[in-house]
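*Asks:* You'll find work27.txt just under this line, and it carries compact mmCIF, C-alpha atoms.
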# COMPACT_ATOMS: atom_id res chain seq x y z
CA MET V 1 -13.00 -67.60 -48.86
CA ILE V 2 -10.73 -67.33 -51.88
CA SER V 3 -10.65 -63.92 -53.59
CA LEU V 4 -10.54 -63.83 -57.40
CA TYR V 5 -8.70 -60.86 -58.89
CA THR V 6 -8.28 -61.66 -62.60
CA ILE V 7 -10.26 -63.02 -65.52
CA ASP V 8 -7.75 -65.88 -65.82
CA GLU V 9 -8.50 -66.92 -62.25
CA LEU V 10 -12.21 -66.79 -63.04
CA ARG V 11 -11.64 -68.95 -66.15
CA ASP V 12 -9.77 -71.50 -64.03
CA ILE V 13 -12.65 -71.74 -61.56
CA ALA V 14 -15.11 -72.21 -64.43
CA GLN V 15 -12.92 -74.99 -65.80
CA TYR V 16 -12.37 -76.73 -62.45
CA GLY V 17 -16.03 -76.28 -61.56
CA LYS V 18 -17.43 -78.23 -64.48
CA ARG V 19 -18.08 -81.18 -62.19
CA LYS V 20 -19.25 -79.01 -59.31
CA LYS V 21 -22.56 -77.35 -58.59
CA ILE V 22 -21.99 -73.64 -59.09
CA LYS V 23 -24.18 -71.20 -57.21
CA ILE V 24 -24.04 -67.44 -56.70
CA TYR V 25 -24.42 -65.59 -53.40
CA GLY V 26 -26.07 -62.21 -53.93
CA ALA V 27 -28.95 -61.13 -56.19
CA GLY V 28 -28.18 -57.44 -56.64
CA PHE V 29 -26.42 -55.15 -59.08
CA ARG V 30 -23.03 -56.86 -58.77
CA THR V 31 -24.56 -60.20 -59.77
CA THR V 32 -26.03 -58.60 -62.88
CA VAL V 33 -22.56 -57.26 -63.74
CA PHE V 34 -21.08 -60.71 -63.04
CA PHE V 35 -23.32 -62.23 -65.72
CA LYS V 36 -22.21 -59.47 -68.14
CA THR V 37 -18.58 -60.31 -67.31
CA LEU V 38 -19.06 -64.01 -68.08
CA LYS V 39 -20.62 -63.08 -71.43
CA LYS V 40 -18.02 -60.45 -72.35
CA PHE V 41 -15.09 -62.80 -71.72
CA ASP V 42 -16.84 -65.89 -73.12
CA ILE V 43 -16.69 -67.82 -69.84
CA TYR V 44 -19.22 -70.60 -69.43
CA MET V 45 -20.56 -71.48 -66.00
CA SER V 46 -23.56 -73.74 -65.41
CA ILE V 47 -25.14 -71.84 -62.53
CA GLU V 48 -27.73 -73.82 -60.61
CA CYS V 49 -29.26 -71.06 -58.49
CA ILE V 50 -28.73 -67.75 -56.72
CA VAL V 51 -28.53 -67.71 -52.93
CA VAL V 52 -29.51 -64.82 -50.65
CA ALA V 53 -29.68 -64.26 -46.91
CA ASP V 54 -33.21 -62.85 -46.97
CA LYS V 55 -35.48 -63.92 -49.81
CA ASN V 56 -38.13 -61.34 -48.86
CA LYS V 57 -35.77 -58.49 -49.80
CA ASN V 58 -34.67 -59.95 -53.13
CA PRO V 59 -36.21 -60.85 -56.50
CA LYS V 60 -37.51 -64.37 -57.14
CA ILE V 61 -35.46 -64.78 -60.30
CA VAL V 62 -32.36 -63.13 -61.80
CA ASN V 63 -31.22 -63.71 -65.37
CA ASP V 64 -33.70 -66.64 -65.60
CA ILE V 65 -32.04 -68.29 -62.58
CA PRO V 66 -34.10 -68.97 -59.43
CA VAL V 67 -33.30 -67.24 -56.15
CA TYR V 68 -33.34 -69.25 -52.90
CA SER V 69 -32.76 -68.32 -49.29
CA ILE V 70 -29.60 -69.75 -47.80
CA GLU V 71 -31.69 -72.14 -45.68
CA ASN V 72 -33.32 -73.66 -48.78
CA ALA V 73 -30.33 -73.69 -51.16
CA ASN V 74 -29.01 -77.08 -49.96
CA LEU V 75 -25.40 -75.88 -49.91
CA SER V 76 -22.78 -78.56 -49.32
CA SER V 77 -19.14 -79.43 -50.00
CA ASP V 78 -20.19 -80.31 -53.56
CA ASP V 79 -20.88 -76.62 -54.29
CA TYR V 80 -18.77 -73.78 -55.59
CA LEU V 81 -20.34 -70.57 -54.26
CA MET V 82 -19.45 -67.39 -56.17
CA VAL V 83 -19.85 -64.46 -53.77
CA THR V 84 -20.56 -61.30 -55.77
CA ILE V 85 -21.38 -58.94 -52.88
CA TRP V 86 -18.81 -56.24 -52.20
CA ARG V 87 -16.50 -57.42 -49.42
CA GLY V 88 -17.16 -54.27 -47.38
CA TYR V 89 -20.83 -55.28 -47.05
CA LEU V 90 -20.05 -58.77 -45.78
CA THR V 91 -19.85 -58.90 -42.00
CA ASP V 92 -17.80 -61.48 -40.12
CA GLU V 93 -21.12 -63.14 -39.23
CA ASP V 94 -22.05 -63.35 -42.95
CA VAL V 95 -18.75 -65.01 -43.80
CA LYS V 96 -19.07 -67.47 -40.92
CA LEU V 97 -22.60 -68.35 -42.04
CA LEU V 98 -21.36 -69.08 -45.57
CA GLU V 99 -18.37 -71.07 -44.34
CA ASN V 100 -20.63 -73.23 -42.19
CA THR V 101 -22.47 -74.42 -45.31
CA GLY V 102 -19.40 -76.41 -46.35
CA ALA V 103 -19.41 -74.90 -49.85
CA LYS V 104 -16.13 -73.73 -51.35
CA LEU V 105 -16.31 -69.93 -51.39
CA PHE V 106 -14.93 -67.63 -54.10
CA HIS V 107 -15.23 -63.86 -53.81
CA ILE V 108 -15.57 -61.89 -57.06
CA THR V 109 -13.50 -58.79 -56.28
CA HIS V 110 -13.97 -55.35 -57.75
CA TYR V 111 -10.91 -55.95 -59.97
CA ILE V 112 -13.11 -58.29 -62.02
CA HIS V 113 -16.37 -56.42 -61.45
CA ASP V 114 -14.94 -53.11 -62.71
CA LEU V 115 -13.88 -54.37 -66.13
CA VAL V 116 -17.31 -54.40 -67.74
CA VAL V 117 -18.60 -51.21 -66.09
CA TYR V 118 -15.47 -49.24 -66.99
CA ASP V 119 -15.72 -50.30 -70.65
CA GLU V 120 -19.41 -49.40 -70.89
CA ILE V 121 -18.88 -45.91 -69.45
CA TYR V 122 -15.80 -45.37 -71.63
CA GLU V 123 -17.89 -46.19 -74.72
CA ASP V 124 -20.57 -43.72 -73.58
CA ILE V 125 -18.09 -40.82 -73.61
CA LYS V 126 -15.72 -42.06 -76.31
CA PRO V 127 -16.54 -39.22 -78.77
CA LEU V 128 -15.64 -36.67 -76.07
CA ILE V 129 -12.33 -38.41 -75.42
CA ALA V 130 -11.51 -38.58 -79.12
CA ASN V 131 -12.25 -34.89 -79.72
CA TYR V 132 -11.66 -33.45 -76.27
CA SER V 133 -10.26 -30.01 -77.00
CA GLU V 134 -12.86 -29.35 -79.72
CA MET V 135 -15.81 -30.37 -77.52
CA LEU V 136 -15.10 -28.33 -74.37
CA SER V 137 -18.14 -26.41 -73.12
CA GLY V 138 -16.18 -23.28 -72.17
CA LEU V 139 -18.15 -23.04 -68.92
CA ASN V 140 -16.69 -22.36 -65.47
CA GLN V 141 -13.32 -20.97 -66.48
CA PRO V 142 -10.75 -20.94 -63.63
CA THR V 143 -11.21 -17.93 -61.35
CA HIS V 144 -9.14 -16.52 -58.49
CA LEU V 145 -10.71 -16.17 -55.05
CA ASP V 146 -9.36 -13.94 -52.30
CA SER V 147 -9.30 -16.82 -49.81
CA LEU V 148 -8.93 -20.58 -49.92
CA VAL V 149 -12.31 -22.32 -49.62
CA ALA V 150 -13.39 -25.66 -48.18
CA TRP V 151 -16.50 -26.60 -50.15
CA SER V 152 -19.31 -28.95 -49.20
CA MET V 153 -22.97 -29.26 -50.16
CA TRP V 154 -26.27 -29.63 -48.36
CA TRP V 155 -28.93 -28.94 -50.96
CA GLN V 156 -31.79 -28.31 -48.54
CA GLY V 157 -29.84 -25.64 -46.64
CA GLU V 158 -27.56 -25.67 -43.61
CA GLU V 159 -30.36 -25.15 -41.10
CA LYS V 160 -32.09 -28.34 -42.29
CA ALA V 161 -29.02 -30.56 -41.93
CA PRO V 162 -29.15 -33.28 -39.24
CA ASP V 163 -27.02 -32.99 -36.11
CA VAL V 164 -24.35 -35.36 -37.43
CA ILE V 165 -23.74 -33.09 -40.44
CA LYS V 166 -23.62 -30.00 -38.25
CA ALA V 167 -21.08 -31.80 -36.07
CA CYS V 168 -18.98 -32.51 -39.17
CA TRP V 169 -19.03 -28.83 -40.18
CA GLU V 170 -18.01 -27.86 -36.65
CA SER V 171 -15.13 -30.36 -36.76
CA LYS V 172 -13.92 -28.71 -39.97
CA ARG V 173 -14.15 -25.25 -38.42
CA ARG V 174 -11.84 -26.43 -35.65
CA ASN V 175 -9.38 -28.41 -37.75
CA LEU V 176 -9.04 -26.73 -41.15
CA PRO V 177 -6.13 -24.30 -41.54
CA LYS V 178 -7.03 -20.86 -40.20
CA ASN V 179 -6.91 -19.20 -43.61
CA VAL V 180 -9.57 -21.53 -45.06
CA LYS V 181 -13.17 -20.35 -45.41
CA GLN V 182 -16.07 -22.84 -45.38
CA ILE V 183 -18.82 -22.49 -47.98
CA VAL V 184 -21.80 -24.84 -48.09
CA ILE V 185 -23.51 -25.09 -51.48
CA THR V 186 -27.31 -25.16 -51.34
CA GLU V 187 -30.22 -24.95 -53.74
CA GLU V 188 -30.46 -21.26 -52.89
CA ASN V 189 -26.83 -20.27 -53.58
CA TYR V 190 -25.39 -22.68 -56.16
CA LYS V 191 -25.91 -20.27 -59.05
CA ASP V 192 -23.60 -17.80 -57.29
CA TYR V 193 -20.68 -20.19 -57.79
CA VAL V 194 -21.23 -22.56 -60.72
CA GLU V 195 -22.68 -22.68 -64.25
CA ILE V 196 -24.67 -25.85 -64.89
CA PRO V 197 -26.33 -26.47 -68.29
CA ASP V 198 -30.12 -26.16 -68.22
CA TYR V 199 -30.60 -29.72 -69.48
CA ILE V 200 -28.85 -31.01 -66.34
CA VAL V 201 -30.83 -28.74 -64.00
CA ASN V 202 -34.05 -29.90 -65.67
CA LYS V 203 -33.11 -33.56 -65.15
CA VAL V 204 -32.39 -32.84 -61.48
CA ASN V 205 -35.79 -31.18 -61.12
CA ASP V 206 -37.46 -34.11 -62.89
CA GLY V 207 -35.82 -36.57 -60.49
CA ASN V 208 -33.69 -38.26 -63.16
CA ILE V 209 -30.41 -37.04 -61.66
CA ARG V 210 -30.03 -37.77 -57.96
CA LEU V 211 -28.76 -35.11 -55.58
CA THR V 212 -25.79 -37.40 -54.87
CA HIS V 213 -24.75 -37.15 -58.51
CA LEU V 214 -25.54 -33.44 -58.70
CA SER V 215 -23.11 -33.09 -55.79
CA ASP V 216 -20.47 -34.89 -57.89
CA ILE V 217 -21.07 -32.49 -60.78
CA ILE V 218 -20.86 -29.46 -58.51
CA ARG V 219 -17.65 -30.61 -56.78
CA ALA V 220 -16.02 -31.15 -60.19
CA ILE V 221 -16.96 -27.61 -61.25
CA LEU V 222 -15.89 -25.97 -57.99
CA LEU V 223 -12.51 -27.67 -57.92
CA TYR V 224 -11.84 -26.86 -61.57
CA LYS V 225 -13.06 -23.27 -61.36
CA TYR V 226 -11.76 -22.22 -57.93
CA GLY V 227 -9.63 -25.04 -56.54
CA GLY V 228 -9.47 -25.39 -52.78
CA ILE V 229 -10.78 -28.26 -50.69
CA TRP V 230 -13.82 -30.44 -51.22
CA MET V 231 -15.05 -32.46 -48.26
CA ASP V 232 -18.39 -34.23 -48.29
CA ALA V 233 -20.75 -32.83 -45.68
CA ALA V 234 -20.43 -36.14 -43.79
CA ILE V 235 -16.63 -35.95 -43.48
CA LEU V 236 -15.61 -35.58 -39.84
CA MET V 237 -12.21 -34.03 -39.15
CA THR V 238 -10.65 -35.69 -36.10
CA ALA V 239 -7.33 -33.81 -36.19
CA PRO V 240 -5.90 -30.67 -37.83
CA MET V 241 -5.22 -30.89 -41.56
CA PRO V 242 -1.47 -30.73 -42.24
CA GLU V 243 -0.90 -27.55 -44.22
CA GLU V 244 1.45 -29.34 -46.60
CA CYS V 245 -1.65 -31.03 -48.09
CA LEU V 246 -2.39 -27.69 -49.74
CA GLU V 247 1.05 -27.54 -51.35
CA TYR V 248 0.25 -30.44 -53.68
CA THR V 249 -1.24 -29.78 -57.12
CA LEU V 250 -3.69 -32.56 -56.23
CA TYR V 251 -4.29 -34.25 -52.89
CA THR V 252 -6.78 -36.89 -51.79
CA ARG V 253 -7.06 -39.79 -49.41
CA LYS V 254 -4.77 -42.59 -50.57
CA SER V 255 -5.06 -46.10 -49.24
CA TYR V 256 -3.98 -49.63 -50.12
CA ASP V 257 -4.99 -53.24 -49.68
CA GLY V 258 -3.16 -56.51 -49.31
CA HIS V 259 -3.23 -57.57 -52.95
CA TYR V 260 -2.10 -54.65 -55.07
CA PRO V 261 0.21 -51.83 -53.93
CA TYR V 262 -2.68 -49.34 -54.17
CA TYR V 263 -6.33 -49.63 -53.28
CA ALA V 264 -7.14 -49.83 -56.98
CA ARG V 265 -10.74 -49.64 -58.11
CA PHE V 266 -12.96 -48.58 -61.00
CA GLY V 267 -10.52 -49.67 -63.72
CA SER V 268 -7.49 -47.75 -62.49
CA ASP V 269 -4.48 -49.08 -60.59
CA LEU V 270 -4.33 -45.92 -58.45
CA SER V 271 -6.23 -44.71 -55.40
CA TRP V 272 -8.31 -41.64 -54.55
CA ASN V 273 -11.36 -40.76 -52.47
CA ILE V 274 -14.23 -38.90 -54.07
CA GLN V 275 -15.28 -37.50 -50.68
CA PHE V 276 -12.07 -35.52 -50.15
CA PHE V 277 -9.93 -33.57 -52.63
CA CYS V 278 -7.56 -30.61 -52.46
CA ALA V 279 -6.56 -29.04 -55.77
CA LYS V 280 -5.32 -25.95 -57.55
CA ALA V 281 -7.79 -24.22 -59.88
CA GLY V 282 -7.63 -25.36 -63.50
CA ASN V 283 -6.59 -28.96 -62.82
CA ILE V 284 -7.39 -31.02 -65.91
CA LEU V 285 -8.73 -33.87 -63.77
CA PHE V 286 -11.67 -31.76 -62.67
CA GLN V 287 -12.09 -30.14 -66.07
CA PHE V 288 -12.43 -33.60 -67.62
CA TRP V 289 -14.75 -34.76 -64.85
CA MET V 290 -17.00 -31.71 -65.38
CA GLU V 291 -17.00 -32.01 -69.18
CA ALA V 292 -17.65 -35.77 -69.02
CA PHE V 293 -20.74 -35.14 -66.89
CA PHE V 294 -21.96 -32.46 -69.29
CA TYR V 295 -21.47 -34.77 -72.28
CA TYR V 296 -22.95 -37.84 -70.59
CA PHE V 297 -26.13 -36.11 -69.48
CA LYS V 298 -26.63 -34.50 -72.87
CA LYS V 299 -27.06 -38.06 -74.17
CA ASN V 300 -28.60 -39.77 -71.12
CA ASN V 301 -31.33 -38.90 -68.64
CA LYS V 302 -29.74 -40.72 -65.72
CA LEU V 303 -26.66 -42.68 -64.78
CA LYS V 304 -26.69 -46.38 -65.57
CA TYR V 305 -24.30 -47.11 -62.69
CA TYR V 306 -24.40 -45.45 -59.28
CA MET V 307 -20.59 -45.19 -59.08
CA THR V 308 -20.18 -43.65 -62.56
CA SER V 309 -18.43 -40.63 -61.04
CA ASP V 310 -15.50 -42.76 -59.91
CA TYR V 311 -15.27 -44.56 -63.24
CA LEU V 312 -15.04 -41.18 -64.98
CA LEU V 313 -12.14 -40.28 -62.69
CA ALA V 314 -10.47 -43.59 -63.52
CA ILE V 315 -10.83 -42.87 -67.24
CA ALA V 316 -9.24 -39.44 -66.75
CA ILE V 317 -6.34 -40.98 -64.84
CA ASN V 318 -5.78 -43.54 -67.59
CA ILE V 319 -5.78 -41.05 -70.48
CA PHE V 320 -3.94 -38.06 -68.97
CA PRO V 321 -0.37 -38.90 -67.84
CA GLN V 322 -0.10 -35.69 -65.78
CA ILE V 323 -3.04 -36.76 -63.59
CA ARG V 324 -1.43 -40.12 -62.96
CA LYS V 325 1.81 -38.40 -61.96
CA GLN V 326 -0.03 -36.12 -59.53
CA LEU V 327 -1.70 -39.08 -57.81
CA LEU V 328 1.55 -41.01 -57.58
CA ASN V 329 3.12 -38.04 -55.79
CA ILE V 330 0.58 -38.22 -52.95
CA PRO V 331 1.76 -40.16 -49.87
CA PHE V 332 -0.49 -42.76 -48.27
CA ASN V 333 -2.79 -41.00 -45.80
CA ASN V 334 -5.99 -41.48 -43.81
CA VAL V 335 -5.81 -45.21 -44.39
CA ARG V 336 -8.40 -45.98 -41.68
CA GLN V 337 -10.91 -43.39 -42.84
CA GLN V 338 -13.87 -45.79 -42.61
CA ASP V 339 -13.30 -47.13 -39.08
CA ILE V 340 -15.44 -44.67 -37.12
CA ARG V 341 -18.38 -45.14 -39.51
CA ILE V 342 -18.17 -48.91 -39.17
CA HIS V 343 -18.03 -48.68 -35.38
CA CYS V 344 -20.28 -45.64 -34.84
CA TYR V 345 -22.71 -47.58 -32.64
CA ASP V 346 -20.06 -49.45 -30.67
CA LYS V 347 -19.60 -48.53 -27.02
CA TYR V 348 -17.37 -45.48 -26.69
CA THR V 349 -14.03 -45.76 -24.95
CA GLU V 350 -11.23 -43.26 -25.39
CA GLU V 351 -8.85 -46.11 -26.20
CA LYS V 352 -11.06 -47.35 -29.05
CA TYR V 353 -11.71 -43.83 -30.35
CA GLN V 354 -7.96 -43.19 -30.53
CA GLU V 355 -7.44 -46.55 -32.25
CA TYR V 356 -10.05 -45.81 -34.93
CA THR V 357 -8.74 -42.30 -35.61
CA LEU V 358 -5.01 -42.99 -35.34
CA GLY V 359 -3.14 -41.51 -38.29
CA ASN V 360 -6.28 -39.91 -39.73
CA PHE V 361 -7.40 -36.32 -39.92
CA VAL V 362 -10.52 -37.12 -41.95
CA THR V 363 -13.01 -39.90 -41.35
CA SER V 364 -16.23 -40.79 -43.13
CA LEU V 365 -19.62 -40.80 -41.50
CA ASP V 366 -22.93 -41.24 -43.30
CA ARG V 367 -26.66 -41.01 -42.78
CA THR V 368 -26.70 -44.29 -40.86
CA CYS V 369 -24.84 -42.47 -38.07
CA VAL V 370 -27.74 -40.25 -37.07
CA ALA V 371 -29.51 -41.71 -34.06
CA ARG V 372 -28.47 -40.84 -30.53
CA ASN V 373 -27.54 -43.95 -28.58
CA GLU V 374 -26.13 -43.17 -25.17
CA GLY V 375 -22.55 -44.22 -24.58
CA THR V 376 -21.72 -44.96 -28.23
CA MET V 377 -19.06 -43.54 -30.52
CA ILE V 378 -21.57 -41.40 -32.41
CA ASP V 379 -23.00 -40.06 -29.14
CA TYR V 380 -19.49 -39.00 -28.11
CA ILE V 381 -18.86 -37.34 -31.50
CA LEU V 382 -22.14 -35.40 -31.42
CA ASP V 383 -21.26 -34.06 -27.97
CA ARG V 384 -17.63 -33.31 -28.78
CA TYR V 385 -18.41 -31.43 -31.99
CA LYS V 386 -21.54 -29.67 -30.87
CA VAL V 387 -21.38 -26.01 -31.90
CA GLY V 388 -20.01 -24.02 -28.98
CA ALA V 389 -18.66 -27.04 -27.11
CA ASN V 390 -15.02 -27.16 -26.03
CA ASP V 391 -12.75 -29.41 -28.09
CA SER V 392 -11.14 -31.76 -25.58
In structure tokens, what does this structure look like?

*Replies:*
Amino acid sequence: MISLYTIDELRDIAQYGKRKKIKIYGAGFRTTVFFKTLKKFDIYMSIECIVVADKNKNPKIVNDIPVYSIENANLSSDDYLMVTIWRGYLTDEDVKLLENTGAKLFHITHYIHDLVVYDEIYEDIKPLIANYSEMLSGLNQPTHLDSLVAWSMWWQGEEKAPDVIKACWESKRRNLPKNVKQIVITEENYKDYVEIPDYIVNKVNDGNIRLTHLSDIIRAILLYKYGGIWMDAAILMTAPMPEECLEYTLYTRKSYDGHYPYYARFGSDLSWNIQFFCAKAGNILFQFWMEAFFYYFKKNNKLKYYMTSDYLLAIAINIFPQIRKQLLNIPFNNVRQQDIRIHCYDKYTEEKYQEYTLGNFVTSLDRTCVARNEGTMIDYILDRYKVGANDS
């Protein structure tokens, strides 16, 4: 499968593919954005159909183009197949299945996908960017706390969190620096720490703003107002946090891929991880992030794109040189943060556990890692980080 990284590469494929049958694999959000990309950059492709693995879980038609299951799409060596699905969601078995069709495969990477989404979100907040200092809300001014805090959120309350989340909190208790206090934000206590405009709270209560995105708003406020550490509730700490992380003005997970020097996404050429930040109070990155949310939701009931939070960060990085400098100062770290999540239901061996956590002190779990399955990685983690258990 050939990965496409630039609009020029996409133009070339459109040109070479004039005498080929062009089909798309994937009928979801990224395919919709792909059509917007073709229109924005005036690229013509005669697309015959859209191909999916399971037709029962997908629409019958997208953008007036029919959707077929892979068994009924008649794929052959005469086809160019444009794969729009994010590479992280394609298993080795998926790729092998596509390769066995004989079609020539082209993967539309996020470098292309991000162009349209970034521009749309930028346009949505352009007046704020143009008049930034005059449009600040004045809410959540930086405040000193007596101790450094590691923040996370579980809206329903700590006692209602599943075991995997409780294990993550326990892992933080064991591995955060001793002077760091953990505070979990809930529906009951959030007003003790942050000021959120009523129009946002009302949209949360109406169901227009998801709790995931409320969490993004709250982490932006907390890091701007108090600084400290933000770790998603589902971050598992597998080793002690190096205390030098706290010496940086800004610190986050920083990774890379094999194409660009940084794991660039969302319209920026730099890397960060929204699940894990350390920062000093008053950092303009989190001020901008907070103010952008306030402005956006004053105009809109809900987010158009699920990953809007990251695009807002990318915009901040691109318009404030000091933020870019802070990110460039961060060394690569926690490069294999996703490995345990990917392998959470694999059979546990100490050798594999060490391999998946090597060089990391944070790793990402999620709500898919909830069921007990004896002898698996997640079973081992739930036992190891059970409250009161010995860390061995």

*Asks:* Counting all atoms listed in the file, which residue out of V:Arg265, V:Lys298, V:Lys178, V:Lys225 sits closest to Asn202 of chain V?

*Replies:*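 The answer is V:Lys298, which sits nearest to Asn202 of chain V.
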
*Asks:* To one decimal place in Å, what is the distance between atom CA of Ser171 of chain V and atom CA of Met237 of chain V?

*Replies:*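 Atom-to-atom, atom CA of Ser171 of chain V and atom CA of Met237 of chain V are spaced 5.3 Å apart.
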
*Asks:* Which residue, V:Tyr356, V:Met307, V:Glu170, V:Ala279, has the smallest gap to Ile323 of chain V when you use all atoms listed in the file?

*Replies:*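 Smallest distance to Ile323 of chain V is found for V:Ala279.
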
*Asks:* For each of V:Ile70, V:Ile22, V:Leu222, V:Ala103, take the minimum atom-to-atom distance to Cys49 of chain V, counting all atoms listed in the file, then give the residue where this is smallest.

*Replies:* V:Ile22

*Asks:* Starting from 6 Å padding per side, set up an axis-aligned box that covers all listed atoms of segment 314-325 of chain V and hand over centre and edge lengths in Å, one decimal, as AutoDock Vina command-line options.

*Replies:*
--center_x -4.5 --center_y -39.6 --center_z -66.2 --size_x 24.6 --size_y 19.9 --size_z 20.5

*Asks:* Hey, which of V:Ser46, V:Thr31, V:Thr357, V:Thr109 ends up closest to Tyr5 of chain V? Count only C-alpha atoms.

*Replies:* V:Thr109

*Asks:* Hey, what's within 9 Å of segment 51-57 of chain V if we count all atoms listed in the file and toss same-chain stuff fewer than 6 positions away? As an NGL selection string, please?

*Replies:* :V and (23-27 or 66-73 or 81 or 94)

*Asks:* Can you write just those residues out, C-alpha atoms, as a CSV table (one decimal), keeping the file's coordinate frame?

*Replies:*
chain,number,residue,atom,x,y,z
V,23,LYS,CA,-24.2,-71.2,-57.2
V,24,ILE,CA,-24.0,-67.4,-56.7
V,25,TYR,CA,-24.4,-65.6,-53.4
V,26,GLY,CA,-26.1,-62.2,-53.9
V,27,ALA,CA,-29.0,-61.1,-56.2
V,66,PRO,CA,-34.1,-69.0,-59.4
V,67,VAL,CA,-33.3,-67.2,-56.2
V,68,TYR,CA,-33.3,-69.2,-52.9
V,69,SER,CA,-32.8,-68.3,-49.3
V,70,ILE,CA,-29.6,-69.8,-47.8
V,71,GLU,CA,-31.7,-72.1,-45.7
V,72,ASN,CA,-33.3,-73.7,-48.8
V,73,ALA,CA,-30.3,-73.7,-51.2
V,81,LEU,CA,-20.3,-70.6,-54.3
V,94,ASP,CA,-22.0,-63.4,-43.0

*Asks:* For a test of reading the model, state the distance in Å between atom CA of Ile47 of chain V and atom CA of Ile121 of chain V, rounded to one decimal.

*Replies:*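 Atom CA of Ile121 of chain V lies 27.6 Å from atom CA of Ile47 of chain V.
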
*Asks:* Using all atoms listed in the file, which of the listed residues (V:Gln326, V:Asn360, V:Thr349, V:Gln182) sits closest to Trp230 of chain V?

*Replies:* V:Gln182

*Asks:* Residues near Asn140 of chain V, anyone? I mean within 7 Å using all atoms listed in the file, not counting same-chain ones fewer than 3 positions away, as a list in words.

*Replies:* Val194, Glu195, Ile221 and Lys225 of chain V

*Asks:* Next, write the just-selected residues to a file, as a compact mmCIF listing (two decimals), keeping the file's coordinate frame, keeping C-alpha atoms as the atom set.

*Replies:*
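Written output follows (again10.txt):
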# COMPACT_ATOMS: atom_id res chain seq x y z
CA VAL V 194 -21.23 -22.56 -60.72
CA GLU V 195 -22.68 -22.68 -64.25
CA ILE V 221 -16.96 -27.61 -61.25
CA LYS V 225 -13.06 -23.27 -61.36

*Asks:* What is the distance between atom CA of Gln322 of chain V and atom CA of Pro127 of chain V, in Å to one decimal?

*Replies:*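 Atom-to-atom, atom CA of Gln322 of chain V and atom CA of Pro127 of chain V are spaced 21.2 Å apart.
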
*Asks:* Tell me which of V:Ile2, V:Pro142, V:Ala234, V:Ser147 sits closest to Ala161 of chain V, counting all atoms listed in the file.

*Replies:* V:Ala234

*Asks:* May I have the residues at most 10 Å from (-24.0, -47.6, -64.3) in the file's coordinates, counting all atoms listed in the file, as a ChimeraX atom specification?

*Replies:* /V:29,33,117-118,120-121,302-309,311

*Asks:* Skip Lys40 of chain V itself and residues of its chain fewer than 6 positions away, then list as a PDB file with C-alpha atoms, keeping the file's coordinate frame all residues within 12 Å of it, counting only C-alpha atoms.

*Replies:*
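What ended up in around-v8.pdb:
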ATOM      1  CA  ILE V   7     -10.260 -63.020 -65.520  1.00  0.00           C
ATOM      2  CA  VAL V  33     -22.560 -57.260 -63.740  1.00  0.00           C
ATOM      3  CA  PHE V  34     -21.080 -60.710 -63.040  1.00  0.00           C
ATOM      4  CA  ILE V 112     -13.110 -58.290 -62.020  1.00  0.00           C
ATOM      5  CA  HIS V 113     -16.370 -56.420 -61.450  1.00  0.00           C
ATOM      6  CA  LEU V 115     -13.880 -54.370 -66.130  1.00  0.00           C
ATOM      7  CA  VAL V 116     -17.310 -54.400 -67.740  1.00  0.00           C
ATOM      8  CA  VAL V 117     -18.600 -51.210 -66.090  1.00  0.00           C
ATOM      9  CA  ASP V 119     -15.720 -50.300 -70.650  1.00  0.00           C
ATOM     10  CA  GLU V 120     -19.410 -49.400 -70.890  1.00  0.00           C
TER      11      GLU V 120
END

*Asks:* Which neighbours of Trp86 of chain V fall inside 9 Å, counting only C-alpha atoms, when residues of the same chain fewer than 6 positions from it are skipped, and could you give them as a PyMOL selection string?

*Replies:* chain V and resi 30+107-110

*Asks:* Now that the selection is made, can you save its residues with C-alpha atoms as an mmCIF file, in the frame of the given file?

*Replies:*
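Result file follows (selection04.cif):
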data_model
loop_
_atom_site.group_PDB
_atom_site.id
_atom_site.type_symbol
_atom_site.label_atom_id
_atom_site.label_comp_id
_atom_site.auth_asym_id
_atom_site.auth_seq_id
_atom_site.Cartn_x
_atom_site.Cartn_y
_atom_site.Cartn_z
ATOM 1 C CA ARG V 30 -23.030 -56.860 -58.770
ATOM 2 C CA HIS V 107 -15.230 -63.860 -53.810
ATOM 3 C CA ILE V 108 -15.570 -61.890 -57.060
ATOM 4 C CA THR V 109 -13.500 -58.790 -56.280
ATOM 5 C CA HIS V 110 -13.970 -55.350 -57.750
#
